[in-house]
>>> print(open('my_file_22.txt').read())   # compact mmCIF, C-alpha atoms
# COMPACT_ATOMS: atom_id res chain seq x y z
CA MET A 1 0.41 21.97 11.68
CA LYS A 2 4.03 23.00 11.74
CA THR A 3 5.53 22.79 8.28
CA ILE A 4 9.06 21.47 8.14
CA SER A 5 11.62 21.54 5.38
CA THR A 6 12.31 18.56 3.13
CA HIS A 7 15.75 18.28 4.70
CA GLU A 8 14.33 18.17 8.23
CA LEU A 9 11.83 15.56 7.11
CA ALA A 10 14.61 13.46 5.58
CA GLN A 11 16.59 13.68 8.81
CA GLY A 12 13.53 12.61 10.75
CA VAL A 13 13.19 9.55 8.52
CA ILE A 14 16.87 8.64 8.86
CA ASN A 15 16.55 8.96 12.63
CA GLY A 16 13.57 6.60 12.56
CA GLN A 17 10.99 9.09 13.85
CA THR A 18 7.51 7.63 13.29
CA ARG A 19 5.71 10.84 12.39
CA ALA A 20 8.45 11.85 9.94
CA ILE A 21 8.34 8.45 8.26
CA ALA A 22 4.55 8.68 7.96
CA ARG A 23 4.71 12.20 6.56
CA ALA A 24 7.46 11.27 4.13
CA ILE A 25 5.40 8.37 2.79
CA SER A 26 2.42 10.68 2.25
CA LEU A 27 4.67 13.14 0.42
CA VAL A 28 6.07 10.56 -1.98
CA GLU A 29 2.72 8.87 -2.48
CA ARG A 30 1.10 12.12 -3.55
CA GLU A 31 4.18 13.18 -5.52
CA SER A 32 3.82 16.53 -3.79
CA ALA A 33 6.35 19.32 -4.05
CA GLY A 34 9.56 18.23 -2.42
CA SER A 35 9.05 14.50 -2.87
CA VAL A 36 11.82 14.15 -5.43
CA GLU A 37 14.23 16.16 -3.25
CA LEU A 38 13.30 13.98 -0.31
CA LEU A 39 13.91 10.75 -2.21
CA LYS A 40 17.23 12.07 -3.49
CA GLU A 41 18.34 12.83 0.05
CA LEU A 42 17.17 9.45 1.35
CA TYR A 43 18.51 7.29 -1.46
CA PRO A 44 22.12 7.03 -0.21
CA HIS A 45 20.71 5.65 3.03
CA THR A 46 18.85 2.82 1.30
CA GLY A 47 20.00 -0.57 0.10
CA SER A 48 20.16 -2.58 3.31
CA ALA A 49 16.53 -3.65 3.64
CA TYR A 50 15.42 -7.07 2.40
CA LEU A 51 12.13 -6.94 0.52
CA VAL A 52 9.65 -9.79 0.73
CA GLY A 53 6.47 -9.78 -1.35
CA ILE A 54 3.34 -11.69 -0.35
CA THR A 55 0.69 -12.11 -2.99
CA GLY A 56 -2.21 -14.38 -3.78
CA PRO A 57 -5.97 -14.38 -4.29
CA PRO A 58 -8.25 -12.50 -1.89
CA GLY A 59 -9.09 -14.48 1.24
CA ALA A 60 -6.00 -16.65 1.15
CA GLY A 61 -4.88 -15.35 4.55
CA LYS A 62 -1.99 -13.13 3.46
CA SER A 63 -2.51 -10.56 6.21
CA THR A 64 -2.66 -13.23 8.89
CA LEU A 65 0.54 -14.80 7.57
CA THR A 66 2.15 -11.37 7.37
CA ASP A 67 1.32 -10.81 11.03
CA GLN A 68 2.87 -14.15 12.00
CA ILE A 69 5.99 -13.75 9.88
CA VAL A 70 6.63 -10.26 11.23
CA LYS A 71 6.35 -11.60 14.77
CA GLN A 72 9.03 -14.17 14.04
CA TRP A 73 11.38 -11.54 12.69
CA ARG A 74 10.67 -9.38 15.72
CA LYS A 75 11.65 -12.27 17.99
CA ALA A 76 14.97 -12.26 16.16
CA GLY A 77 15.27 -8.57 16.99
CA LYS A 78 14.73 -7.26 13.48
CA LYS A 79 12.91 -4.03 12.66
CA VAL A 80 10.17 -4.61 10.12
CA GLY A 81 8.17 -2.40 7.77
CA VAL A 82 4.90 -3.58 6.24
CA ILE A 83 3.29 -2.09 3.15
CA ALA A 84 -0.25 -3.39 2.74
CA VAL A 85 -1.76 -2.61 -0.65
CA ASP A 86 -5.51 -2.74 -1.25
CA PRO A 87 -7.41 -1.90 -4.42
CA THR A 88 -8.77 1.54 -5.15
CA SER A 89 -12.35 1.52 -6.37
CA PRO A 90 -12.25 2.37 -10.06
CA PHE A 91 -15.67 4.03 -9.75
CA THR A 92 -15.24 6.28 -6.75
CA GLY A 93 -11.48 6.61 -6.41
CA GLY A 94 -11.78 5.71 -2.73
CA ALA A 95 -10.60 2.60 -0.93
CA ILE A 96 -11.10 0.58 2.20
CA LEU A 97 -7.71 -0.42 3.54
CA GLY A 98 -8.40 -3.21 5.96
CA ASP A 99 -5.26 -5.30 6.19
CA ARG A 100 -4.30 -3.78 9.54
CA ILE A 101 -7.17 -5.63 11.19
CA ARG A 102 -5.13 -8.82 11.15
CA MET A 103 -2.05 -7.15 12.60
CA ASN A 104 -3.40 -5.74 15.85
CA ASP A 105 -0.63 -7.01 18.08
CA LEU A 106 1.96 -5.30 15.94
CA ASN A 107 0.27 -1.93 16.27
CA THR A 108 2.04 -0.94 19.46
CA ASP A 109 5.39 -2.57 18.68
CA PRO A 110 7.88 0.28 18.17
CA GLY A 111 9.99 -1.94 15.93
CA VAL A 112 7.19 -2.32 13.37
CA PHE A 113 5.79 0.25 10.95
CA ILE A 114 2.64 -0.63 9.03
CA ARG A 115 1.38 1.50 6.17
CA SER A 116 -1.72 0.84 4.11
CA LEU A 117 -1.63 2.03 0.51
CA ALA A 118 -4.37 2.11 -2.09
CA SER A 119 -3.40 0.73 -5.45
CA HIS A 120 -4.59 3.92 -7.23
CA GLY A 121 -5.99 2.00 -10.12
CA SER A 122 -2.73 0.95 -11.68
CA LEU A 123 -4.81 -1.66 -13.51
CA GLY A 124 -3.97 -4.24 -10.86
CA GLY A 125 -0.30 -3.46 -10.97
CA LEU A 126 1.73 -1.83 -8.25
CA SER A 127 1.67 1.93 -8.12
CA PRO A 128 5.07 3.67 -8.16
CA ALA A 129 4.20 4.79 -4.65
CA VAL A 130 4.94 1.29 -3.37
CA TYR A 131 8.52 1.41 -4.58
CA ASP A 132 9.02 4.92 -3.15
CA THR A 133 7.44 3.91 0.17
CA ALA A 134 9.82 0.96 0.38
CA LEU A 135 12.71 3.40 -0.14
CA VAL A 136 11.50 5.55 2.76
CA LEU A 137 11.22 2.54 5.08
CA ASP A 138 14.63 1.31 3.94
CA ALA A 139 16.20 4.67 4.74
CA ALA A 140 14.47 4.64 8.12
CA GLY A 141 16.37 1.52 9.07
CA PHE A 142 13.85 -1.27 8.70
CA GLN A 143 15.71 -4.47 7.98
CA TYR A 144 12.83 -6.39 6.45
CA ILE A 145 10.08 -4.82 4.37
CA LEU A 146 7.06 -6.97 3.69
CA ILE A 147 4.82 -5.92 0.82
CA GLU A 148 1.39 -7.46 0.79
CA THR A 149 -0.76 -7.20 -2.32
CA VAL A 150 -3.87 -8.82 -3.71
CA GLY A 151 -2.93 -11.08 -6.56
CA VAL A 152 -5.25 -10.09 -9.35
CA GLY A 153 -4.22 -9.19 -12.84
CA GLN A 154 -0.72 -7.90 -13.16
CA THR A 155 0.00 -7.32 -9.52
CA GLU A 156 1.84 -10.58 -9.13
CA VAL A 157 4.32 -9.75 -11.87
CA GLU A 158 4.87 -6.24 -10.57
CA ILE A 159 5.67 -7.40 -7.10
CA VAL A 160 8.38 -9.72 -8.36
CA GLU A 161 10.22 -6.75 -9.84
CA LEU A 162 10.21 -5.05 -6.48
CA ALA A 163 10.68 -7.88 -3.98
CA ASP A 164 13.79 -9.97 -3.41
CA THR A 165 11.73 -12.97 -2.34
CA THR A 166 8.13 -13.43 -3.46
CA VAL A 167 5.79 -15.65 -1.50
CA VAL A 168 2.64 -16.82 -3.27
CA VAL A 169 -0.20 -17.83 -0.94
CA THR A 170 -3.19 -19.86 -1.95
CA VAL A 171 -5.87 -21.99 -0.30
CA PRO A 172 -6.84 -25.67 -0.68
CA GLU A 173 -10.21 -24.82 -2.22
CA ALA A 174 -8.53 -23.41 -5.31
CA GLY A 175 -8.12 -27.12 -6.14
CA ASP A 176 -8.79 -27.79 -9.76
CA ASP A 177 -9.22 -24.14 -10.55
CA ILE A 178 -6.58 -23.60 -13.18
CA GLN A 179 -7.45 -19.93 -13.16
CA THR A 180 -5.41 -19.61 -10.03
CA PHE A 181 -2.37 -20.67 -11.95
CA LYS A 182 -2.74 -18.60 -15.03
CA ALA A 183 0.40 -18.24 -17.03
CA GLY A 184 3.15 -16.48 -15.18
CA ILE A 185 2.32 -17.21 -11.59
CA MET A 186 4.45 -20.33 -11.59
CA GLU A 187 7.46 -18.30 -12.56
CA ILE A 188 7.01 -15.54 -10.03
CA GLY A 189 6.79 -17.45 -6.77
CA ASP A 190 10.01 -18.14 -4.91
CA ILE A 191 8.02 -19.82 -2.17
CA PHE A 192 4.51 -21.24 -2.40
CA VAL A 193 2.28 -21.59 0.63
CA VAL A 194 -1.02 -23.44 0.84
CA ASN A 195 -2.65 -21.66 3.77
CA LYS A 196 -5.71 -22.76 5.76
CA GLY A 197 -4.00 -26.12 5.52
CA ASP A 198 -6.35 -27.73 8.01
CA ARG A 199 -9.00 -27.80 5.32
CA PRO A 200 -9.58 -30.75 2.96
CA GLY A 201 -7.78 -30.60 -0.37
CA THR A 202 -4.51 -29.31 1.07
CA ASP A 203 -2.40 -32.27 0.01
CA LYS A 204 -3.95 -32.28 -3.44
CA MET A 205 -3.20 -28.60 -3.90
CA LYS A 206 0.38 -29.03 -2.72
CA PHE A 207 0.79 -31.92 -5.14
CA LEU A 208 -0.70 -29.89 -7.99
CA ILE A 209 1.70 -27.00 -7.46
CA GLU A 210 4.73 -29.26 -7.08
CA ASN A 211 3.83 -30.99 -10.32
CA MET A 212 3.50 -27.74 -12.18
CA LEU A 213 6.82 -26.53 -10.84
CA GLU A 214 8.53 -29.63 -12.16
CA LEU A 215 7.55 -28.62 -15.67
CA VAL A 216 9.41 -25.33 -15.38
CA HIS A 217 13.19 -25.39 -15.34
CA LEU A 218 14.41 -23.25 -12.48
CA ASP A 219 17.72 -22.77 -10.68
CA TRP A 220 15.93 -22.31 -7.39
CA LEU A 221 13.22 -24.92 -6.95
CA PRO A 222 10.47 -23.13 -5.00
CA PRO A 223 9.39 -25.07 -1.92
CA VAL A 224 5.66 -25.71 -1.52
CA LEU A 225 4.70 -25.30 2.11
CA THR A 226 1.47 -25.64 4.03
CA SER A 227 0.35 -23.51 6.93
CA VAL A 228 -2.53 -22.65 9.18
CA GLY A 229 -1.89 -18.96 9.63
CA ALA A 230 -4.61 -18.37 12.16
CA GLU A 231 -3.01 -20.91 14.50
CA GLY A 232 0.60 -20.04 13.78
CA ILE A 233 1.32 -23.42 12.24
CA GLY A 234 3.95 -23.64 9.52
CA ILE A 235 5.32 -20.13 10.01
CA ASP A 236 8.79 -21.28 11.03
CA ALA A 237 9.17 -23.10 7.72
CA ILE A 238 8.15 -20.01 5.73
CA VAL A 239 10.61 -17.76 7.57
CA ASP A 240 13.27 -20.40 7.18
CA GLN A 241 12.76 -20.69 3.42
CA ILE A 242 12.88 -16.90 3.04
CA GLU A 243 16.31 -17.00 4.66
CA LYS A 244 17.38 -19.91 2.46
CA HIS A 245 16.30 -17.97 -0.61
CA ARG A 246 18.18 -14.94 0.61
CA VAL A 247 21.35 -16.99 0.93
CA TYR A 248 20.77 -18.51 -2.50
CA LEU A 249 20.41 -15.04 -4.04
CA SER A 250 23.58 -13.76 -2.41
CA THR A 251 25.57 -16.57 -3.97
CA SER A 252 23.88 -16.56 -7.36
CA ASN A 253 25.00 -14.64 -10.41
CA THR A 254 21.55 -13.41 -11.23
CA PHE A 255 21.00 -11.30 -8.11
CA VAL A 256 22.68 -8.13 -9.31
CA LEU A 257 21.33 -8.73 -12.81
CA ASP A 258 17.77 -9.01 -11.48
CA ARG A 259 18.10 -5.88 -9.40
CA LYS A 260 19.49 -4.03 -12.40
CA LYS A 261 16.60 -5.25 -14.53
CA SER A 262 13.99 -4.03 -12.07
CA LEU A 263 15.83 -0.73 -11.63
CA GLN A 264 15.77 -0.30 -15.38
CA LYS A 265 12.01 -0.82 -15.36
CA LYS A 266 11.65 1.82 -12.66
CA LEU A 267 13.70 4.30 -14.63
CA ALA A 268 11.70 3.53 -17.77
CA GLN A 269 8.50 4.18 -15.81
CA ARG A 270 9.76 7.56 -14.60
CA LEU A 271 11.07 8.56 -18.01
CA GLN A 272 7.75 7.62 -19.59
CA GLN A 273 5.89 9.65 -17.02
CA THR A 274 8.09 12.68 -17.60
CA PHE A 275 7.77 12.34 -21.36
CA ILE A 276 4.00 12.16 -21.12
CA GLU A 277 3.85 15.22 -18.89
CA LYS A 278 6.40 17.37 -20.64
CA VAL A 279 6.07 16.43 -24.29
CA ILE A 280 2.79 14.73 -25.05
CA GLU A 281 0.71 17.05 -22.88
CA ARG A 282 2.34 20.00 -24.59
CA ILE A 283 1.46 18.61 -28.01
CA PHE A 284 -2.11 17.78 -27.05
CA THR A 285 -2.88 21.13 -25.44
CA ASN A 286 -1.55 23.11 -28.36
CA PRO A 287 -4.47 24.88 -30.12
CA GLU A 288 -3.50 23.54 -33.55
CA PHE A 289 -3.72 19.95 -32.34
CA ASP A 290 -7.45 19.81 -32.94
CA ASN A 291 -6.86 20.72 -36.61
CA ARG A 292 -4.57 17.75 -36.89
CA LEU A 293 -7.29 15.46 -35.55
CA THR A 294 -9.85 16.89 -37.99
CA ASN A 295 -7.47 16.41 -40.93
CA ILE A 296 -6.84 12.80 -39.95
CA LEU A 297 -10.55 12.05 -39.62
CA ASN A 298 -11.19 13.68 -43.03
CA ARG A 299 -8.51 11.45 -44.56
CA HIS A 300 -6.44 14.50 -45.64
CA THR A 301 -3.64 12.85 -43.76
CA ASP A 302 -3.16 9.71 -41.66
CA PRO A 303 -2.21 9.05 -37.98
CA PHE A 304 1.17 7.58 -38.93
CA SER A 305 2.36 10.55 -40.98
CA GLU A 306 1.08 12.90 -38.30
CA VAL A 307 3.19 11.19 -35.66
CA ASP A 308 6.21 11.78 -37.88
CA HIS A 309 5.24 15.44 -38.29
CA MET A 310 4.81 15.87 -34.53
CA ILE A 311 8.22 14.40 -33.87
CA ASP A 312 9.76 16.73 -36.47
CA GLN A 313 8.08 19.66 -34.85
CA TYR A 314 8.47 18.92 -31.14
CA CYS A 315 11.45 16.65 -30.72
CA PRO A 316 13.47 16.52 -33.93
CA TRP A 317 16.50 15.31 -31.97
CA LEU A 318 14.80 11.91 -31.85
CA LYS A 319 15.69 11.48 -35.47
CA ASP A 320 19.42 11.92 -35.00
CA MET B 1 -1.44 13.01 -8.11
CA GLU B 2 -4.79 13.88 -6.62
CA ARG B 3 -4.62 14.11 -2.85
CA LYS B 4 -6.99 11.70 -1.14
CA ILE B 5 -8.37 12.30 2.31
CA ARG B 6 -7.36 9.50 4.67
CA VAL B 7 -9.67 8.52 7.53
CA LEU B 8 -9.13 6.01 10.32
CA VAL B 9 -12.37 4.40 11.45
CA ALA B 10 -11.84 2.87 14.86
CA LYS B 11 -13.83 1.12 17.56
CA PRO B 12 -12.18 1.57 20.93
CA GLY B 13 -12.97 -0.63 23.89
CA LEU B 14 -15.08 -3.74 24.07
CA ASP B 15 -18.10 -2.56 22.10
CA GLY B 16 -18.94 -5.12 19.43
CA HIS B 17 -21.48 -3.19 17.38
CA ASP B 18 -19.65 -2.42 14.19
CA ARG B 19 -22.40 -2.10 11.61
CA GLY B 20 -22.51 1.69 11.87
CA ALA B 21 -18.76 1.99 11.58
CA LYS B 22 -18.79 -0.21 8.49
CA VAL B 23 -21.60 1.80 6.89
CA VAL B 24 -19.65 5.00 7.47
CA ALA B 25 -16.45 3.41 6.15
CA ARG B 26 -18.18 2.40 2.92
CA ALA B 27 -19.81 5.81 2.52
CA LEU B 28 -16.48 7.55 2.90
CA ARG B 29 -14.91 5.21 0.36
CA ASP B 30 -17.74 5.97 -2.06
CA ALA B 31 -17.00 9.64 -1.54
CA GLY B 32 -13.45 9.03 -2.77
CA MET B 33 -11.66 8.83 0.56
CA GLU B 34 -9.16 6.22 1.70
CA VAL B 35 -10.46 4.54 4.82
CA ILE B 36 -8.28 2.56 7.16
CA TYR B 37 -10.58 0.27 9.08
CA THR B 38 -8.97 -1.30 12.11
CA GLY B 39 -11.82 -3.44 13.41
CA LEU B 40 -13.03 -4.15 16.91
CA ARG B 41 -11.49 -3.94 20.36
CA GLN B 42 -8.88 -1.31 19.77
CA THR B 43 -7.07 0.33 22.66
CA PRO B 44 -6.59 4.10 22.52
CA GLU B 45 -2.88 3.43 22.09
CA GLN B 46 -3.44 1.17 19.10
CA ILE B 47 -5.73 3.77 17.53
CA VAL B 48 -3.29 6.63 17.95
CA ASN B 49 -0.32 4.59 16.72
CA ALA B 50 -2.22 3.51 13.63
CA ALA B 51 -3.39 7.07 12.98
CA ILE B 52 0.16 8.37 13.10
CA GLN B 53 1.68 5.64 10.93
CA GLU B 54 -1.08 6.01 8.37
CA ASP B 55 -0.80 9.82 8.46
CA VAL B 56 -4.57 10.17 8.49
CA ASP B 57 -6.41 13.46 8.30
CA VAL B 58 -9.29 12.31 10.48
CA ILE B 59 -9.94 9.72 13.17
CA GLY B 60 -13.55 8.57 13.41
CA LEU B 61 -14.31 6.94 16.75
CA SER B 62 -17.36 4.73 17.15
CA CYS B 63 -18.71 3.68 20.52
CA LEU B 64 -22.07 2.33 21.51
CA SER B 65 -21.22 0.90 24.91
CA GLY B 66 -21.31 4.09 26.93
CA ALA B 67 -17.58 4.14 27.54
CA HIS B 68 -17.04 7.08 25.20
CA ASN B 69 -16.06 9.65 27.83
CA THR B 70 -13.22 7.57 29.16
CA LEU B 71 -12.02 6.11 25.88
CA PHE B 72 -12.32 9.21 23.72
CA SER B 73 -10.51 11.40 26.23
CA LYS B 74 -7.69 8.85 26.40
CA VAL B 75 -7.34 9.06 22.62
CA MET B 76 -7.17 12.87 22.77
CA GLU B 77 -4.55 12.73 25.54
CA LEU B 78 -2.38 10.33 23.57
CA LEU B 79 -2.65 12.41 20.41
CA LYS B 80 -1.45 15.41 22.37
CA ALA B 81 1.37 13.45 24.01
CA LYS B 82 2.61 12.28 20.62
CA GLY B 83 2.40 15.72 19.05
CA ALA B 84 -0.41 14.72 16.73
CA GLU B 85 -3.18 17.07 17.78
CA ASP B 86 -3.51 18.31 14.22
CA ILE B 87 -5.38 15.12 13.36
CA LYS B 88 -9.12 15.90 13.43
CA VAL B 89 -11.25 13.63 15.59
CA ILE B 90 -14.94 12.96 15.04
CA CYS B 91 -17.16 10.42 16.70
CA GLY B 92 -20.44 8.56 16.53
CA GLY B 93 -22.46 5.91 18.27
CA ILE B 94 -24.54 6.29 21.41
CA ILE B 95 -23.38 9.63 22.76
CA PRO B 96 -25.98 11.28 25.05
CA PRO B 97 -26.49 15.01 24.38
CA ASP B 98 -25.39 15.81 27.95
CA ASP B 99 -21.92 14.54 27.08
CA HIS B 100 -21.49 16.57 23.91
CA ALA B 101 -20.15 19.73 25.51
CA ALA B 102 -17.42 17.87 27.36
CA LEU B 103 -16.34 16.08 24.18
CA GLN B 104 -16.25 19.33 22.25
CA ALA B 105 -14.18 20.85 25.04
CA ILE B 106 -11.47 18.21 24.55
CA GLY B 107 -11.42 18.83 20.82
CA ILE B 108 -13.97 16.47 19.31
CA ASP B 109 -16.04 18.82 17.20
CA GLY B 110 -17.97 16.44 15.02
CA ILE B 111 -20.43 14.27 16.91
CA PHE B 112 -22.59 12.18 14.58
CA THR B 113 -25.22 10.18 16.42
CA PRO B 114 -27.97 7.84 15.12
CA GLY B 115 -30.07 9.47 12.41
CA THR B 116 -27.18 11.42 10.90
CA SER B 117 -26.93 11.13 7.18
CA THR B 118 -23.59 9.88 5.91
CA GLN B 119 -23.54 12.88 3.58
CA ASP B 120 -23.31 15.16 6.63
CA ILE B 121 -20.20 13.33 7.76
CA ILE B 122 -18.68 13.52 4.27
CA THR B 123 -19.42 17.25 4.04
CA TYR B 124 -17.98 17.88 7.50
CA ILE B 125 -14.76 16.08 6.63
CA ASN B 126 -14.40 17.81 3.26
CA GLU B 127 -14.94 21.21 4.85
CA ASN B 128 -12.67 20.66 7.81
CA VAL B 129 -9.67 18.95 6.32
CA THR B 130 -7.24 21.48 4.99
CA GLU B 131 -4.10 20.63 3.06
>>> encode(input="my_file_22.txt", output="structure tokens")
Amino acid sequence: MKTISTHELAQGVINGQTRAIARAISLVERESAGSVELLKELYPHTGSAYLVGITGPPGAGKSTLTDQIVKQWRKAGKKVGVIAVDPTSPFTGGAILGDRIRMNDLNTDPGVFIRSLASHGSLGGLSPAVYDTALVLDAAGFQYILIETVGVGQTEVEIVELADTTVVVTVPEAGDDIQTFKAGIMEIGDIFVVNKGDRPGTDKMKFLIENMLELVHLDWLPPVLTSVGAEGIGIDAIVDQIEKHRVYLSTSNTFVLDRKKSLQKKLAQRLQQTFIEKVIERIFTNPEFDNRLTNILNRHTDPFSEVDHMIDQYCPWLKD
Amino acid sequence: MERKIRVLVAKPGLDGHDRGAKVVARALRDAGMEVIYTGLRQTPEQIVNAAIQEDVDVIGLSCLSGAHNTLFSKVMELLKAKGAEDIKVICGGIIPPDDHAALQAIGIDGIFTPGTSTQDIITYINENVTE
């Protein structure tokens, strides 16, 4: 396999070459040598893509809806990137990434790029790789980037920080199951969709969500839509509401503020990671560290004083 | 971050027998690999496009309908045409021994027919995928 320079790879991405894009995503996902240089070179070329998140419980039909929504955007001549995130097995570290099954027709469309990512055990949250992958697709010229994740645990909240519009998908059977609407999910959806809407309980579910939304004071009142993804019913309305939300964001004061907030979180994440690698690892692998632990366990000292001592020793500038 | 091996498990053509492919997919996942499973009725073009976008290390083709000679060679041709011959291709299913030499000649080295242990496939992939 011919090895190419980071610069050549970046150029390939900017020129929209499929293999380069795929390689670049692998590079940033693995945080291999050159990934930071690559992202630095690509960053000035990002900022024009619109990010849409789709989340919800397993089996809600997110992949099918993704397929349908992408097709609509393609009809409008837009280039679309799809990032499909599936969970990594916490026991084996492997993953089965099966979202592509529902997007067969898009496979040979040159205006669509689909990449499956494993969540890498970020405790249900989004791995940093998702953000970096979105940057690569943005730099490659994709106008819409759809990020599909399974809504379990923290994933829903994470996706809101990344996406401009977040679509929450559920099914009629969730019915009385309040678990589906654990605290937070009401605040993260910009659009709610009750999929598999040909099944009984659809109206009840729609009513339930609308009621809950009325209790929360919001500037943008999220629409509650119904759809039958497998038959392409209700897709127009979803696409339409995404556009409406986009317009709303562009005229609202909070848009830049929100983007700044999520950027801040990203920077915090990277700083934390660097601190852990450069400072904490250094402290923990120092031979005398074990003595510290022994002393604490023997009650010759305590964890709190030891933290102070470690700061004095390793990063005294923190106390300025 | 630890580099994971990525494998595309694909069923080209009209063959509907996917149990074997699913068993292999699960075994590879349990061995710590990331498996992209694209389901039934894939065209060679769909398989190659997916393999390139997903930047996989290996494509595993499964065919039990007897159409392997035609379909597998189409996949190899497309990989070459798109400059992606570095992706390793292995296969399984109902592949008569008489056909093995021809498949190996077009670059499919790993042929895993009924009776193969999944561990053999895992070992083969681990040994043959280089960084």
>>> residues_around(input="my_file_22.txt", residues="range 38-40 of chain B", least_positions_apart="5", cutoff="8 Å", atoms="all atoms listed in the file", output="mmCIF file with C-alpha atoms, keeping the file's coordinate frame")
data_model
loop_
_atom_site.group_PDB
_atom_site.id
_atom_site.type_symbol
_atom_site.label_atom_id
_atom_site.label_comp_id
_atom_site.auth_asym_id
_atom_site.auth_seq_id
_atom_site.Cartn_x
_atom_site.Cartn_y
_atom_site.Cartn_z
ATOM 1 C CA GLY A 98 -8.400 -3.210 5.960
ATOM 2 C CA ARG A 100 -4.300 -3.780 9.540
ATOM 3 C CA ILE A 101 -7.170 -5.630 11.190
ATOM 4 C CA LEU B 8 -9.130 6.010 10.320
ATOM 5 C CA VAL B 9 -12.370 4.400 11.450
ATOM 6 C CA ALA B 10 -11.840 2.870 14.860
ATOM 7 C CA LYS B 11 -13.830 1.120 17.560
ATOM 8 C CA PRO B 12 -12.180 1.570 20.930
ATOM 9 C CA GLY B 13 -12.970 -0.630 23.890
ATOM 10 C CA LEU B 14 -15.080 -3.740 24.070
ATOM 11 C CA ASP B 15 -18.100 -2.560 22.100
ATOM 12 C CA GLY B 16 -18.940 -5.120 19.430
ATOM 13 C CA ASP B 18 -19.650 -2.420 14.190
#
>>> closest_atom_pairs(input="my_file_22.txt", of="chain A", to="chain B", cutoff="6 Å", atoms="all atoms listed in the file", output="JSON lines")
{"residue": "A:Met1", "atom": "CA", "partner": "B:Asp86", "partner_atom": "CA", "distance": 5.9}
{"residue": "A:Ala22", "atom": "CA", "partner": "B:Gln53", "partner_atom": "CA", "distance": 5.1}
{"residue": "A:Arg30", "atom": "CA", "partner": "B:Met1", "partner_atom": "CA", "distance": 5.3}
{"residue": "A:Thr92", "atom": "CA", "partner": "B:Gly32", "partner_atom": "CA", "distance": 5.2}
{"residue": "A:Gly93", "atom": "CA", "partner": "B:Gly32", "partner_atom": "CA", "distance": 4.8}
{"residue": "A:Gly94", "atom": "CA", "partner": "B:Gly32", "partner_atom": "CA", "distance": 3.7}
{"residue": "A:Ala95", "atom": "CA", "partner": "B:Glu34", "partner_atom": "CA", "distance": 4.7}
{"residue": "A:Ile96", "atom": "CA", "partner": "B:Val35", "partner_atom": "CA", "distance": 4.8}
{"residue": "A:Leu97", "atom": "CA", "partner": "B:Ile36", "partner_atom": "CA", "distance": 4.7}
{"residue": "A:Gly98", "atom": "CA", "partner": "B:Tyr37", "partner_atom": "CA", "distance": 5.2}
{"residue": "A:Arg100", "atom": "CA", "partner": "B:Thr38", "partner_atom": "CA", "distance": 5.9}
{"residue": "A:Ile101", "atom": "CA", "partner": "B:Thr38", "partner_atom": "CA", "distance": 4.8}
{"residue": "A:Asn107", "atom": "CA", "partner": "B:Gln46", "partner_atom": "CA", "distance": 5.6}
{"residue": "A:Thr108", "atom": "CA", "partner": "B:Gln46", "partner_atom": "CA", "distance": 5.9}
{"residue": "A:Arg115", "atom": "CA", "partner": "B:Glu54", "partner_atom": "CA", "distance": 5.6}
>>> write_last_selection(input="my_file_22.txt", atoms="C-alpha atoms", output="short mmCIF file (atom, residue, chain, number, x, y, z; two decimals), keeping the file's coordinate frame")
data_model
loop_
_atom_site.label_atom_id
_atom_site.label_comp_id
_atom_site.auth_asym_id
_atom_site.auth_seq_id
_atom_site.Cartn_x
_atom_site.Cartn_y
_atom_site.Cartn_z
CA MET A 1 0.41 21.97 11.68
CA ALA A 22 4.55 8.68 7.96
CA ARG A 30 1.10 12.12 -3.55
CA THR A 92 -15.24 6.28 -6.75
CA GLY A 93 -11.48 6.61 -6.41
CA GLY A 94 -11.78 5.71 -2.73
CA ALA A 95 -10.60 2.60 -0.93
CA ILE A 96 -11.10 0.58 2.20
CA LEU A 97 -7.71 -0.42 3.54
CA GLY A 98 -8.40 -3.21 5.96
CA ARG A 100 -4.30 -3.78 9.54
CA ILE A 101 -7.17 -5.63 11.19
CA ASN A 107 0.27 -1.93 16.27
CA THR A 108 2.04 -0.94 19.46
CA ARG A 115 1.38 1.50 6.17
#
>>> residues_around(input="my_file_22.txt", residues="Gly234 in chain A", least_positions_apart="4", cutoff="12 Å", atoms="only C-alpha atoms", output="compact mmCIF listing (two decimals) with C-alpha atoms, keeping the file's coordinate frame")
# COMPACT_ATOMS: atom_id res chain seq x y z
CA LEU A 65 0.54 -14.80 7.57
CA GLN A 68 2.87 -14.15 12.00
CA ILE A 69 5.99 -13.75 9.88
CA GLN A 72 9.03 -14.17 14.04
CA VAL A 193 2.28 -21.59 0.63
CA VAL A 194 -1.02 -23.44 0.84
CA ASN A 195 -2.65 -21.66 3.77
CA LYS A 196 -5.71 -22.76 5.76
CA GLY A 197 -4.00 -26.12 5.52
CA ASP A 198 -6.35 -27.73 8.01
CA VAL A 224 5.66 -25.71 -1.52
CA LEU A 225 4.70 -25.30 2.11
CA THR A 226 1.47 -25.64 4.03
CA SER A 227 0.35 -23.51 6.93
CA VAL A 228 -2.53 -22.65 9.18
CA GLY A 229 -1.89 -18.96 9.63
CA ALA A 230 -4.61 -18.37 12.16
CA ILE A 238 8.15 -20.01 5.73
CA VAL A 239 10.61 -17.76 7.57
CA ASP A 240 13.27 -20.40 7.18
CA GLN A 241 12.76 -20.69 3.42
>>> closest_residue(input="my_file_22.txt", among="A:Gly189, A:Gly34, A:Gly232, A:Gly12", to="Gly56 in chain A", atoms="all atoms listed in the file")
A:Gly189
>>> atom_distance(input="my_file_22.txt", atom1="CA of Leu64 in chain B", atom2="CA of Ala105 in chain B")
20.4 Å
